[in-house]
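The next block holds one structure in the form of structure tokens; read it before the comments.
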Amino acid sequence: MNNNAVEVIDVTKKFKRGRGLRKKEIYAVNHASFTIRDGELFGLLGPNGAGKTTLVRCIATLLIPDAGSIKIMGKDIFKHSLTCRQQIGLLTSGERTLYWKLSARENLKFFAALYGLDNKQRDKRIDYLIELLDLKDVQNERVEKYSSGMKQKISLARALIHDPKVLLLDEPTLGLDPQFARFLRDFIKNTLNKKQQKTILLTTHYMDEADELCERIAFISRGQIIDCKTPYEYKRDLPHNEVLDLRCAEVKNLELLKNNLQRIKPIEKITLYNDNGITHIKLIVPRAETILADLIELIRQNGKILAIDVKEPTLEDVFIYVTGSRLSENTAIHQADAD
Amino acid sequence: MNLKNNLTVIWAEFKKSVKIWISYPIMLVFWAIAPFMWVLPFIFQGKALVGGLSSNAFKELTGSPHYLPFVLIGAMVSTYIFSGLWGVGNSLREETYWGTLEYIIVSPTNPIVVLLGKTLAEFVYATVNVTMQAIIATIFLGLNLTISKILPVLLIVLLLVIGFYGFAIAFAGFTLLIKEAHGWVHTLEWVFYLFSPIRYPVEISPLTKTLSALIPLTYALVAIRAIILLNKNVLHLQQTILILMIMDIFLLIIGYFTFRYLERKTKQAGTLAQY
């Protein structure tokens, strides 16, 4: 029996960019396929512009894909769009997703009406969510007076107003202070997923968030799903088990440094990028200590070493290994396989 | 969503619109003063042009020499049209600014039902405004608006706004796609002012006379002026009422299907939440 809550099958979405003769089509999502099991907390991990939000919008029926199909609880979202929308709760990042001139309660009342809740169901559900998210003291104040975190709580309450089976959480902790982001992660994991058994699609570019929360993670890069596994499987399948992380200053020639690094054996993967005058070098090696002496000597010829760190591979290291790009920041990456 | 759910949404949207509207106190002050301010330019214009508020040239075109009642009626009825254009046509753009549009579209409610709620709110605003205008016009400017004339006038206004709000719904879909409303609203205002008898009789030129026949506002204004200024009753206006009813059906159908088509185009283009 099929127990998939969400099925994304070969979905493609192209957008037109540029003007006149320079107009060209770019693939925001390129033949993406994955499934999310009923009750699973599934992550879609990728850098900004990878296609995460486009995919979420397609699943939420806000965007019509150019090809492929999407099913929610076994039903095609465009053939049964009203039924499917009733099963979906959407939460995005950003403060401006509510009526600021209305109170939390008034916002929730309005959206409850959109989901067909009668007055009795609506009031009961709002009372429950206000209690659950600790909004009782501020429920009648205008949203414009709330902090970013409080606004996100109300947005979350709105996503839950109709008790949906599937939650689409698009970068839900983006821009929140660490304390509130912590609360939200716990709430997603323990209350929504474990206790309430909601199926959750979480998009993020925070690797720690995905690593901590998700049962399975799909890596997405340039619109393509690169791989889909559990965090444990990703790390286990990485053929190398140490990451050498160096920060250097005054590097004169990045290309030359890269070429020289490629000669050191047995470095398997080299990633270099500049960020605010600091050169970050990430090397994936079987054992760091075997190359440290040669490495220090080489880098000292090209610049100044600020810090060296030997680490277990993180999900970000796996992401770099698999996709060839970093999860955050738009810094140019120089990357090479050493052999 | 069944009929009861849809009515609940219309009511919820109406309440939301009113609450947001009254949360801007300066707007309340503006709307309280506006009816007093809008009549003055017409009085000054009339005095400057013909040395008073009546002229023989005007009588040749309209059957009545009095300019002020003519223009008062034009201004009051057009309030419904322009409030519909701004309030309904521009309303989904407002939802985009507020960041709430996607949350309306992602719900199982047809966005046209939400637009109907906005239409109701806009109709109430316009009615409050026009009522204040009518009171001023009757008490201070000598407009002959008796109780017996009000019901037939309301019938014509209702027939006008039903069709026009159908057009405004199509316009809302258009603004959803093109992400711009102000320029288009101003252009439409200009078209209505030029080609319908809001401020002057369209008989002034063969072109305005011909094109005005395509605009429902023309029929409504002719009928309302006939009721108020020429003391005609509804039975004399059967043809106008029939034309307005046909236009209503046509505009509602066009409005519905145009909106659905443009909503789909917007979802295909991926510009739903774009500014």
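Letters A, B, ... mark the chains of the structure tokens in the order given; residue numbers begin at 1 per chain; ligand numbers begin at 1, in order shown.
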Residues near Phe183 of chain A, anyone? I mean within 12 Å using only C-alpha atoms, not counting same-chain ones fewer than 3 positions away, as a ChimeraX atom specification.
/A:133-134,149-150,152-153,172-173,176-180,186-191
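For chain B, the residues close to chain A, meaning within 7 Å and counting only C-alpha atoms, are Met1, Asn5, Thr8, Val9, Ala12, Ile20, Ser23, Trp98, Gly99, Thr100, Ile105, Val106, Ser107, Pro108, Thr109, Lys267, Gln268 and Gly270 of chain B.
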Assign secondary structure with DSSP using the backbone only, and return the residues of segment 109-236 of chain A in strand (DSSP E or B) as a PyMOL selection string.
chain A and resi 142+166-170+199-204+216-221+224-229
So that I have them on file, write out the residues from the current selection with N, CA and C atoms, as a compact mmCIF listing (two decimals), in the first residue's frame.
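Okay, part_30.txt is ready:
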# COMPACT_ATOMS: atom_id res chain seq x y z
N ARG A 142 -2.54 44.34 18.08
CA ARG A 142 -2.28 44.39 16.65
C ARG A 142 -0.92 43.75 16.32
N VAL A 166 -0.40 17.85 5.90
CA VAL A 166 0.93 18.13 5.33
C VAL A 166 1.30 19.58 5.60
N LEU A 167 2.50 19.77 6.13
CA LEU A 167 2.98 21.14 6.38
C LEU A 167 4.16 21.44 5.45
N LEU A 168 4.07 22.57 4.78
CA LEU A 168 5.17 23.02 3.93
C LEU A 168 5.84 24.19 4.63
N LEU A 169 7.04 23.97 5.13
CA LEU A 169 7.74 25.00 5.90
C LEU A 169 8.93 25.49 5.08
N ASP A 170 8.79 26.67 4.51
CA ASP A 170 9.82 27.19 3.61
C ASP A 170 10.72 28.16 4.37
N THR A 199 3.02 15.33 8.43
CA THR A 199 4.04 15.16 7.39
C THR A 199 4.60 16.54 7.11
N ILE A 200 5.91 16.66 7.16
CA ILE A 200 6.50 18.00 7.04
C ILE A 200 7.57 18.04 5.94
N LEU A 201 7.42 19.01 5.07
CA LEU A 201 8.48 19.30 4.11
C LEU A 201 9.14 20.59 4.58
N LEU A 202 10.40 20.49 4.96
CA LEU A 202 11.14 21.65 5.47
C LEU A 202 12.23 22.02 4.48
N THR A 203 12.19 23.25 4.00
CA THR A 203 13.29 23.69 3.15
C THR A 203 14.19 24.58 3.99
N THR A 204 15.46 24.45 3.78
CA THR A 204 16.40 25.26 4.55
C THR A 204 17.74 25.32 3.84
N ARG A 216 14.89 12.31 6.46
CA ARG A 216 15.59 12.18 5.17
C ARG A 216 15.77 13.57 4.58
N ILE A 217 16.79 13.71 3.76
CA ILE A 217 17.09 15.01 3.16
C ILE A 217 17.36 14.83 1.67
N ALA A 218 16.73 15.69 0.87
CA ALA A 218 17.06 15.73 -0.56
C ALA A 218 17.96 16.93 -0.78
N PHE A 219 19.10 16.70 -1.41
CA PHE A 219 19.97 17.82 -1.79
C PHE A 219 19.47 18.38 -3.11
N ILE A 220 19.32 19.67 -3.16
CA ILE A 220 18.89 20.29 -4.41
C ILE A 220 19.92 21.35 -4.80
N SER A 221 20.31 21.30 -6.05
CA SER A 221 21.28 22.27 -6.56
C SER A 221 20.93 22.57 -8.00
N GLN A 224 18.02 20.76 -9.58
CA GLN A 224 18.01 19.30 -9.68
C GLN A 224 18.15 18.64 -8.31
N ILE A 225 17.39 17.58 -8.11
CA ILE A 225 17.57 16.79 -6.89
C ILE A 225 18.81 15.92 -7.12
N ILE A 226 19.82 16.16 -6.31
CA ILE A 226 21.10 15.47 -6.52
C ILE A 226 21.08 14.10 -5.84
N ASP A 227 20.52 14.05 -4.64
CA ASP A 227 20.50 12.80 -3.89
C ASP A 227 19.45 12.90 -2.79
N CYS A 228 19.05 11.77 -2.26
CA CYS A 228 18.04 11.78 -1.20
C CYS A 228 18.31 10.62 -0.24
N LYS A 229 18.73 10.94 0.99
CA LYS A 229 19.09 9.91 1.98
C LYS A 229 18.84 10.45 3.39
Point out the residue among A:Leu272, A:Ala104, A:Leu246, A:Ile281 with the least atom-to-atom distance to Asp309 of chain A, counting only C-alpha atoms.
A:Leu246
Secondary structure check, helix (DSSP H, G or I) residues of segment 60-223 of chain B, as a VMD selection string
chain B and resid 60 to 62 67 to 89 91 to 98 101 to 105 111 to 140 147 to 178 182 to 195 202 to 204 206 to 212 216 to 223
Calculate how many Å separate atom CA of Ser54 of chain B from atom CA of Val222 of chain B, rounding to one decimal.
18.8 Å
If you count only C-alpha atoms, which residues fall within 6 Å of Asp38 of chain A, apart from same-chain ones fewer than 2 positions away, as a PyMOL selection string?
chain A and resi 3-5+40+199
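Counting only C-alpha atoms, the residue from B:Asn231, B:Ser64, B:Thr96, B:Ser91 that sits nearest to Ala121 of chain B is B:Ser91.
Neighbours of segment 260-263 of chain B closer than or equal to 7 Å, with only C-alpha atoms counted and sequence neighbours fewer than 4 positions away skipped, come out as Gly173, Phe174, Leu177, Tyr256 and Lys267 of chain B.
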Which distance in Å separates atom CA of Glu215 of chain A and atom CA of Lys79 of chain A, to one decimal?
29.7 Å
Do you know which residues are at most 8 Å from Ile73 of chain B counting only C-alpha atoms, after dropping those on the same chain fewer than 6 positions away, and could you put them as a list of chain:residue names?
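Skipping anything fewer than 6 positions along the chain leaves B:Ile198, B:Leu221, B:Ile224, B:Arg225.
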May I have the residues within 12 Å of Trp86 of chain B as a PyMOL selection string, using only C-alpha atoms and disregarding those fewer than 6 positions away in the same chain?
chain B and resi 79-80+92-94+118-119+122-123+125-126+165+168-169+171-172+175+180-186+188-189
Could you list, as a ChimeraX atom specification, every residue within 10 Å of Ser148 of chain B, counting only C-alpha atoms and ignoring same-chain residues fewer than 5 positions away?
/B:153,227-228,233
Restricting the calculation to only C-alpha atoms, which member of B:Leu72, B:Leu155, B:Leu115, B:Ile104 is positioned closest to Ala134 of chain B?
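For Ala134 of chain B, the nearest of the given residues is B:Leu72.
Of note, atom CA of Asn6 of chain B and atom CA of Glu95 of chain B are spaced 19.1 Å apart.
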